[in-house]
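target38.csv follows (CSV, C-alpha atoms and all ligand atoms):
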```
chain,number,residue,atom,x,y,z
U,15,MET,CA,121.7,183.9,-218.9
U,16,THR,CA,119.4,186.7,-217.5
U,17,CYS,CA,115.9,187.5,-218.6
U,18,ARG,CA,113.8,190.7,-218.6
U,19,ALA,CA,110.3,191.7,-219.8
U,20,VAL,CA,109.8,194.9,-221.7
U,21,PRO,CA,106.1,196.2,-221.9
U,22,SER,CA,104.7,197.6,-225.2
U,23,ASN,CA,101.2,198.7,-226.3
U,24,ASP,CA,101.0,196.7,-229.5
U,25,LEU,CA,97.8,194.9,-228.6
U,26,THR,CA,94.4,196.3,-227.5
U,27,PHE,CA,91.5,194.2,-226.2
U,28,ALA,CA,87.9,195.4,-225.6
U,29,LEU,CA,86.5,193.5,-222.6
U,30,PRO,CA,83.2,193.9,-220.8
U,31,GLY,CA,83.3,196.9,-218.6
U,32,GLY,CA,85.6,199.0,-220.7
U,33,ARG,CA,88.7,199.1,-222.7
U,34,CYS,CA,91.6,197.4,-221.5
U,35,PHE,CA,95.1,197.9,-222.8
U,36,ILE,CA,97.2,194.9,-222.7
U,37,TYR,CA,100.7,195.5,-223.2
U,38,TYR,CA,102.5,193.3,-225.5
U,39,LEU,CA,105.3,191.8,-223.8
U,40,ARG,CA,108.4,191.6,-225.6
U,41,ILE,CA,110.8,189.5,-223.9
U,42,THR,CA,114.3,189.8,-224.8
U,43,ILE,CA,116.9,187.3,-224.0
U,44,TYR,CA,120.3,188.5,-223.7
U,45,ASN,CA,122.9,186.0,-224.5
U,46,GLY,CA,125.0,188.4,-226.3
U,47,GLU,CA,122.3,189.7,-228.7
U,48,GLN,CA,118.6,190.9,-228.4
U,49,MET,CA,115.9,188.7,-229.9
U,50,ARG,CA,112.1,188.6,-229.8
U,51,LEU,CA,110.5,185.9,-227.8
U,52,ARG,CA,109.6,183.2,-230.3
U,53,SER,CA,107.0,181.5,-228.2
U,54,ILE,CA,103.8,183.5,-228.7
U,55,HIS,CA,102.0,180.9,-226.6
U,56,VAL,CA,103.4,182.4,-223.4
U,57,VAL,CA,101.9,185.8,-224.3
U,58,LEU,CA,98.5,184.3,-225.1
U,59,GLY,CA,98.4,182.4,-221.9
U,60,ILE,CA,99.0,185.5,-219.9
U,61,LEU,CA,96.2,187.3,-221.8
U,62,VAL,CA,93.7,184.5,-221.2
U,63,LEU,CA,94.4,184.4,-217.5
U,64,SER,CA,94.1,188.1,-217.1
U,65,GLY,CA,90.8,188.1,-219.0
U,66,LEU,CA,89.4,185.5,-216.7
U,67,GLY,CA,90.5,187.4,-213.6
U,68,ILE,CA,88.7,190.5,-214.8
U,69,SER,CA,85.5,188.7,-215.7
U,70,VAL,CA,85.3,187.1,-212.2
U,71,PHE,CA,86.0,190.4,-210.6
U,72,LEU,CA,83.2,192.1,-212.6
U,73,ALA,CA,80.8,189.2,-211.9
U,74,VAL,CA,81.3,189.4,-208.1
U,75,ARG,CA,80.7,193.1,-208.2
U,76,THR,CA,77.2,192.6,-209.6
U,77,VAL,CA,76.1,190.9,-206.3
U,78,PRO,CA,75.9,193.5,-203.4
U,79,ALA,CA,77.7,192.4,-200.2
U,80,GLY,CA,75.5,190.4,-197.8
U,81,GLU,CA,72.9,189.5,-200.5
U,82,GLU,CA,72.7,186.2,-202.2
U,83,SER,CA,71.6,185.5,-205.7
U,84,LYS,CA,68.3,183.7,-206.1
U,85,ASN,CA,70.1,181.1,-208.0
U,86,SER,CA,73.0,180.7,-205.6
U,87,PRO,CA,72.9,178.0,-202.9
U,88,PRO,CA,71.5,179.5,-199.7
U,89,SER,CA,73.9,179.8,-196.8
U,90,ALA,CA,73.4,177.6,-193.7
U,91,ALA,CA,71.7,180.4,-191.8
U,92,GLY,CA,69.4,181.1,-194.7
U,93,ARG,CA,68.4,177.4,-194.9
U,94,VAL,CA,67.5,177.2,-191.2
U,95,GLY,CA,65.6,180.4,-191.4
U,96,TYR,CA,63.6,179.4,-194.4
U,97,ALA,CA,62.8,175.9,-193.3
U,98,HIS,CA,62.0,177.2,-189.9
U,99,HIS,CA,59.6,179.8,-191.3
U,100,SER,CA,58.0,177.3,-193.6
U,101,ASP,CA,57.6,174.8,-190.8
U,102,ARG,CA,55.8,177.1,-188.5
U,103,THR,CA,53.7,179.3,-190.7
U,104,GLY,CA,51.5,177.3,-192.9
U,105,ASP,CA,47.9,178.5,-192.4
U,106,ASP,CA,48.2,178.8,-188.7
U,107,PRO,CA,49.4,182.2,-187.6
U,108,GLY,CA,49.0,181.2,-184.0
U,109,ARG,CA,51.9,178.9,-184.4
U,110,ASP,CA,54.2,181.7,-185.4
U,111,GLN,CA,55.5,182.2,-181.8
U,112,PRO,CA,59.0,182.7,-180.5
U,113,THR,CA,58.8,179.4,-178.7
U,114,ALA,CA,58.7,177.6,-182.0
U,115,SER,CA,62.0,179.3,-182.9
U,116,SER,CA,63.8,177.8,-179.9
U,117,SER,CA,62.0,174.5,-180.3
U,118,SER,CA,63.6,173.8,-183.6
U,119,ARG,CA,67.1,174.1,-182.2
U,120,ASN,CA,66.6,172.9,-178.6
U,121,PRO,CA,63.6,170.6,-178.6
U,122,ALA,CA,61.6,171.3,-175.4
U,123,PRO,CA,59.6,168.5,-173.7
U,124,PRO,CA,56.1,168.3,-175.0
U,125,GLN,CA,53.7,170.5,-173.2
U,126,SER,CA,51.9,168.6,-170.5
U,127,ASP,CA,48.1,168.7,-170.4
U,128,VAL,CA,48.0,167.0,-167.0
U,129,ALA,CA,45.8,169.0,-164.6
U,130,HIS,CA,47.0,169.7,-161.1
U,131,TYR,CA,44.7,170.3,-158.2
U,132,ARG,CA,44.9,171.4,-154.6
U,133,TYR,CA,41.9,171.3,-152.3
U,134,LYS,CA,39.6,173.3,-150.1
U,135,VAL,CA,38.1,171.6,-147.1
U,136,VAL,CA,34.4,172.1,-147.1
U,137,LYS,CA,33.5,170.0,-144.1
U,138,THR,CA,35.0,167.5,-141.7
U,139,TYR,CA,33.5,164.3,-140.3
U,140,PRO,CA,34.7,162.2,-137.5
U,141,HIS,CA,36.5,159.0,-138.4
U,142,ASP,CA,37.3,156.1,-136.1
U,143,ARG,CA,41.0,156.3,-135.9
U,144,ARG,CA,41.2,152.6,-135.1
U,145,CYS,CA,40.1,151.9,-138.6
U,146,PHE,CA,42.9,150.9,-141.0
U,147,THR,CA,40.9,152.2,-144.0
U,148,GLN,CA,41.2,150.2,-147.2
U,149,GLY,CA,37.9,150.8,-148.9
U,150,LEU,CA,35.5,153.7,-148.8
U,151,VAL,CA,32.2,154.1,-150.7
U,152,TYR,CA,29.3,156.5,-150.2
U,153,GLU,CA,25.7,155.8,-151.3
U,154,ASP,CA,22.3,157.2,-150.3
U,155,GLY,CA,23.4,158.8,-147.0
U,156,PHE,CA,25.5,155.9,-145.8
U,157,LEU,CA,29.2,155.4,-145.8
U,158,TYR,CA,30.6,152.0,-146.3
U,159,GLU,CA,34.1,151.3,-145.1
U,160,GLY,CA,36.3,148.2,-145.3
U,161,THR,CA,39.3,147.9,-143.0
U,162,GLY,CA,42.5,145.9,-142.9
U,163,LEU,CA,45.1,144.2,-140.7
U,164,TYR,CA,45.0,140.6,-139.6
U,165,GLY,CA,42.6,140.0,-136.8
U,166,GLN,CA,41.1,143.5,-137.1
U,167,SER,CA,39.6,143.6,-140.6
U,168,ALA,CA,35.9,144.5,-140.8
U,169,LEU,CA,33.1,146.0,-142.8
U,170,TYR,CA,31.2,149.0,-141.6
U,171,LYS,CA,28.1,150.9,-142.7
U,172,ARG,CA,27.6,154.2,-141.0
U,173,ASP,CA,25.2,157.1,-141.3
U,174,LEU,CA,27.5,159.9,-142.8
U,175,GLN,CA,25.8,162.7,-140.9
U,176,THR,CA,25.5,161.2,-137.5
U,177,GLY,CA,28.5,158.7,-137.7
U,178,LYS,CA,26.2,156.0,-136.2
U,179,THR,CA,27.2,152.5,-137.2
U,180,VAL,CA,24.2,150.7,-138.7
U,181,GLN,CA,25.9,147.5,-139.9
U,182,MET,CA,29.2,145.8,-139.1
U,183,LEU,CA,30.9,142.5,-139.9
U,184,ARG,CA,34.3,141.2,-138.8
U,185,LEU,CA,36.4,139.1,-141.1
U,186,PRO,CA,38.0,135.8,-140.0
U,187,GLU,CA,41.3,136.8,-138.6
U,188,GLU,CA,43.3,135.1,-141.3
U,189,TYR,CA,42.0,137.6,-143.8
U,190,PHE,CA,43.5,141.1,-144.3
U,191,GLY,CA,40.6,143.1,-145.7
U,192,GLU,CA,41.2,145.5,-148.6
U,193,GLY,CA,39.1,147.5,-151.1
U,194,ILE,CA,35.4,147.5,-151.4
U,195,THR,CA,32.7,148.5,-153.8
U,196,LEU,CA,28.9,148.4,-154.2
U,197,PHE,CA,27.6,146.8,-157.3
U,198,GLY,CA,23.8,146.7,-157.5
U,199,ASP,CA,22.7,145.0,-154.3
U,200,LYS,CA,26.0,143.5,-153.6
U,201,LEU,CA,29.0,144.7,-151.6
U,202,ILE,CA,32.3,143.2,-152.8
U,203,GLN,CA,35.4,143.1,-150.6
U,204,LEU,CA,39.0,142.1,-151.6
U,205,THR,CA,41.6,140.6,-149.4
U,206,TRP,CA,45.3,141.5,-149.6
U,207,GLN,CA,47.2,138.3,-150.3
U,208,SER,CA,44.6,135.6,-150.0
U,209,HIS,CA,43.5,135.9,-153.6
U,210,ILE,CA,39.9,135.7,-152.3
U,211,GLY,CA,37.1,138.2,-152.7
U,212,PHE,CA,34.0,138.2,-150.6
U,213,VAL,CA,30.5,139.1,-151.8
U,214,TYR,CA,27.8,140.2,-149.4
U,215,ARG,CA,24.3,141.6,-149.5
U,216,LYS,CA,24.7,145.3,-149.3
U,217,ASP,CA,21.8,145.8,-146.8
U,218,THR,CA,22.5,143.1,-144.3
U,219,PHE,CA,26.1,142.1,-145.0
U,220,ALA,CA,24.8,138.5,-145.4
U,221,PRO,CA,27.5,136.5,-147.3
U,222,LEU,CA,26.6,135.7,-150.9
U,223,GLY,CA,29.7,134.0,-152.0
U,224,ARG,CA,33.4,134.4,-152.7
U,225,PHE,CA,35.6,134.4,-155.8
U,226,LYS,CA,39.3,134.0,-156.6
U,227,TYR,CA,41.7,136.3,-158.4
U,228,ALA,CA,45.3,135.9,-159.3
U,229,THR,CA,46.9,139.0,-158.0
U,230,GLU,CA,47.0,140.8,-154.7
U,231,GLY,CA,44.0,142.8,-153.8
U,232,TRP,CA,44.3,146.5,-153.0
U,233,GLY,CA,41.6,148.9,-154.3
U,234,LEU,CA,38.2,148.2,-155.9
U,235,THR,CA,35.6,150.2,-157.8
U,236,HIS,CA,33.5,149.8,-160.9
U,237,ASP,CA,32.4,151.7,-164.0
U,238,GLY,CA,28.9,150.3,-164.1
U,239,LYS,CA,29.9,147.3,-166.3
U,240,ARG,CA,33.2,146.1,-164.9
U,241,LEU,CA,34.8,145.8,-161.6
U,242,ILE,CA,38.2,147.7,-161.5
U,243,LEU,CA,40.8,146.3,-159.2
U,244,SER,CA,44.3,147.5,-158.3
U,245,ASP,CA,47.0,145.3,-157.0
U,246,GLY,CA,49.7,147.6,-155.8
U,247,THR,CA,51.4,147.8,-159.1
U,248,ALA,CA,50.7,150.2,-162.0
U,249,ILE,CA,48.1,147.8,-163.4
U,250,LEU,CA,44.4,148.1,-163.3
U,251,HIS,CA,42.4,144.9,-163.7
U,252,PHE,CA,38.9,144.7,-165.1
U,253,LEU,CA,36.7,141.9,-163.9
U,254,ASP,CA,33.3,140.7,-165.0
U,255,PRO,CA,31.0,141.7,-162.1
U,256,ASN,CA,29.1,138.4,-162.3
U,257,THR,CA,31.7,135.8,-163.0
U,258,TYR,CA,34.6,137.8,-161.5
U,259,ALA,CA,36.8,136.6,-164.5
U,260,GLU,CA,39.4,139.1,-165.6
U,261,THR,CA,38.3,140.6,-168.9
U,262,GLY,CA,41.1,143.1,-169.4
U,263,ARG,CA,43.9,145.0,-167.8
U,264,LEU,CA,45.6,148.4,-168.3
U,265,GLN,CA,48.9,149.9,-167.3
U,266,VAL,CA,48.5,153.4,-165.7
U,267,ARG,CA,51.1,155.8,-167.0
U,268,ASP,CA,51.9,159.4,-166.3
U,269,GLN,CA,53.6,161.1,-169.3
U,270,GLY,CA,54.8,157.7,-170.4
U,271,ARG,CA,56.0,156.4,-167.1
U,272,PRO,CA,54.2,153.7,-165.1
U,273,VAL,CA,52.6,154.8,-161.9
U,274,PRO,CA,52.9,152.0,-159.3
U,275,ASN,CA,51.3,151.7,-155.9
U,276,LEU,CA,47.8,152.3,-157.1
U,277,ASN,CA,45.7,151.8,-154.0
U,278,GLU,CA,42.1,152.8,-153.0
U,279,LEU,CA,39.9,153.6,-156.0
U,280,GLU,CA,36.8,155.5,-156.9
U,281,PHE,CA,35.2,155.8,-160.4
U,282,ILE,CA,33.7,159.2,-160.9
U,283,ASP,CA,32.3,160.7,-164.1
U,284,GLY,CA,34.1,158.4,-166.4
U,285,VAL,CA,37.6,158.5,-164.8
U,286,VAL,CA,39.3,156.5,-162.0
U,287,TYR,CA,40.6,158.3,-158.9
U,288,ALA,CA,43.4,156.3,-157.3
U,289,ASN,CA,45.3,156.9,-154.0
U,290,ILE,CA,49.0,156.4,-154.5
U,291,TRP,CA,50.2,154.4,-151.5
U,292,GLN,CA,52.3,156.2,-149.0
U,293,THR,CA,51.8,159.6,-150.7
U,294,ASP,CA,49.4,162.5,-150.4
U,295,ARG,CA,48.5,162.2,-154.0
U,296,ILE,CA,45.5,161.0,-155.9
U,297,ALA,CA,45.9,160.2,-159.6
U,298,ILE,CA,43.0,160.8,-162.0
U,299,ILE,CA,43.2,158.1,-164.7
U,300,ASP,CA,41.5,157.7,-168.0
U,301,PRO,CA,40.3,154.1,-167.9
U,302,LYS,CA,40.3,153.8,-171.7
U,303,THR,CA,44.0,154.6,-172.1
U,304,GLY,CA,45.6,154.3,-168.6
U,305,ARG,CA,46.8,157.9,-169.0
U,306,VAL,CA,47.0,160.0,-165.9
U,307,THR,CA,45.0,163.2,-166.8
U,308,GLY,CA,45.3,164.9,-163.4
U,309,TRP,CA,46.9,164.9,-160.0
U,310,ILE,CA,45.4,166.0,-156.7
U,311,ASP,CA,47.9,167.1,-154.1
U,312,LEU,CA,46.4,166.6,-150.6
U,313,SER,CA,49.6,167.4,-148.7
U,314,GLY,CA,48.9,169.2,-145.5
U,315,LEU,CA,45.4,167.7,-145.1
U,316,TYR,CA,46.5,165.6,-142.1
U,317,THR,CA,49.8,165.1,-140.4
U,318,PRO,CA,49.9,161.8,-138.4
U,319,PRO,CA,51.8,161.5,-135.1
U,320,ALA,CA,55.4,160.5,-135.5
U,321,GLU,CA,54.8,156.9,-134.3
U,322,GLU,CA,52.2,156.4,-137.1
U,323,GLU,CA,54.2,157.8,-139.9
U,324,GLY,CA,54.3,155.5,-142.9
U,325,GLU,CA,51.1,153.7,-141.6
U,326,ALA,CA,48.6,156.5,-141.2
U,327,VAL,CA,48.6,157.3,-144.9
U,328,LEU,CA,46.0,158.8,-147.2
U,329,ASN,CA,43.7,155.9,-148.3
U,330,GLY,CA,40.0,156.4,-148.9
U,331,ILE,CA,38.1,158.1,-151.6
U,332,ALA,CA,34.3,158.4,-151.8
U,333,TYR,CA,32.2,160.6,-153.9
U,334,LEU,CA,29.3,162.7,-152.6
U,335,PRO,CA,27.1,163.2,-155.7
U,336,GLN,CA,24.9,165.9,-154.1
U,337,THR,CA,27.8,168.3,-153.8
U,338,ARG,CA,30.1,166.7,-156.3
U,339,HIS,CA,32.7,166.8,-153.7
U,340,LEU,CA,35.2,164.1,-152.7
U,341,LEU,CA,35.2,162.6,-149.2
U,342,VAL,CA,38.7,161.5,-148.3
U,343,THR,CA,40.4,160.0,-145.3
U,344,GLY,CA,43.3,157.8,-144.4
U,345,LYS,CA,44.3,154.8,-142.4
U,346,LEU,CA,44.0,155.6,-138.7
U,347,TRP,CA,43.0,159.2,-139.4
U,348,PRO,CA,40.7,160.8,-136.8
U,349,ARG,CA,38.7,162.7,-139.5
U,350,MET,CA,37.3,162.5,-142.9
U,351,TYR,CA,37.4,165.5,-145.2
U,352,GLU,CA,34.8,166.7,-147.7
U,353,ILE,CA,36.9,168.6,-150.2
U,354,GLU,CA,36.5,170.7,-153.2
U,355,LEU,CA,39.2,170.5,-155.9
U,356,VAL,CA,41.0,173.7,-156.7
U,357,ALA,CA,42.8,173.8,-160.0
U,358,GLU,CA,46.3,175.1,-159.8
U,359,GLN,CA,47.2,177.9,-162.3
U,360,THR,CA,48.9,175.5,-164.6
U,361,GLY,CA,46.0,173.0,-164.5
U,362,ARG,CA,42.5,173.0,-165.8
U,363,GLN,CA,39.4,173.9,-163.8
U,364,ARG,CA,37.3,170.9,-162.9
J,1,CA,CA,36.5,154.2,-152.9
```

Is it possible to express this structure as structure tokens?
Ligand SMILES: [Ca+2]
Amino acid sequence: MTCRAVPSNDLTFALPGGRCFIYYLRITIYNGEQMRLRSIHVVLGILVLSGLGISVFLAVRTVPAGEESKNSPPSAAGRVGYAHHSDRTGDDPGRDQPTASSSSRNPAPPQSDVAHYRYKVVKTYPHDRRCFTQGLVYEDGFLYEGTGLYGQSALYKRDLQTGKTVQMLRLPEEYFGEGITLFGDKLIQLTWQSHIGFVYRKDTFAPLGRFKYATEGWGLTHDGKRLILSDGTAILHFLDPNTYAETGRLQVRDQGRPVPNLNELEFIDGVVYANIWQTDRIAIIDPKTGRVTGWIDLSGLYTPPAEEEGEAVLNGIAYLPQTRHLLVTGKLWPRMYEIELVAEQTGRQR
């Protein structure tokens, strides 16, 4: 048996967009004689499907290419663009910067607000290069220095301008002297691994007593209310200046990372300056949070002879309030340097 479809124009439908002639299909089946297709359902099915196809075609044509309907779901690109715009505009036009665009796709590290400084040498002073400097403090024209090494540790008081020694005290040879600070009429000196601090009269170096602490002793300073002690780790310890009991401690961090090897200290204008052992760098630390707010790069200030490399390192920070300059030196250095801090372009002026 064979089949063939014969079109006719018996039926006419008016559809949106114009008139459309639908041919009535008359299907004849030849099996010896012609007959009309009995099943009208086949014809209606074809008509319904054709009508749907035309409706979809017309609906699509009402939306210009490349433009989305307000009611249609946004494309992926549209969603990123909209959220991105919404995120960075708000009421702050200053945030509408190209960097914000890249940050949404490739998050950049947070902008650092850590200041960076170099230095300008204002003046140099002689320094006894036999001194293994572990503590340095200036007050009223005099420089106080504590030195280390077993059998060589001592305390000195010198006139800064003339370099003349006006007071000196040797430690018993079993003690390795470390950081010093002045608190009122007292001079306080740490020892490295003996867990003993010594207290003297500032003017005569007459012994006033001693105290114990649990950690190693490295650097020492104070904020007017508390002694601040470093122990070679990233921890600063706060001690009561009368009882010497520890009242608190703080981990020093630079952009979230601990900063170990904190050594000689100086408290200036609310922040702690700390030499980092065996580097040419001084960290500026917020003593409330432990956060490093600045770095001073003193590389090039002094280059020790090869045989002293690793020993003759930067270690000594004092503050000269008249000029607001730092006075820095190192272990076995032949000079002290009065320096002015110079902010690098990426840092803040101080
Ligand atoms: Ca100091």

### Task
Could you give me, as a VMD selection string, the residues within 10 Å of Asn256 (chain U), counting all atoms listed in the file and dropping anything in the same chain fewer than 4 positions from it?
chain U and resid 197 239 to 241

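Atom pair CA of Lys171 (chain U) / CA of Thr247 (chain U) has a distance of 28.7 Å (rounded to one decimal).
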
#### Entry: Protein and nucleic acid residues within 7 Å of ligand CA 1 (chain J) (all atoms listed in the file) as number ranges by chain
U: 149-151, 194-195, 234-235, 278-280, 330-332

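Comparing the minimum interatomic distances between Ile299 (chain U) and each of U:Glu322, U:Ala168, U:Leu315, U:Leu250, counting all atoms listed in the file, we find that U:Leu250 sits nearest.
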
### Query
Mind pulling up the distance from CA of Val135 (chain U) to CA of Ala288 (chain U)?
19.1 Å

### Task
Pick out the closest residue to Glu325 (chain U) from this set: U:Tyr258, U:Trp232, U:Phe146, U:Phe252. Count only C-alpha atoms.
U:Phe146
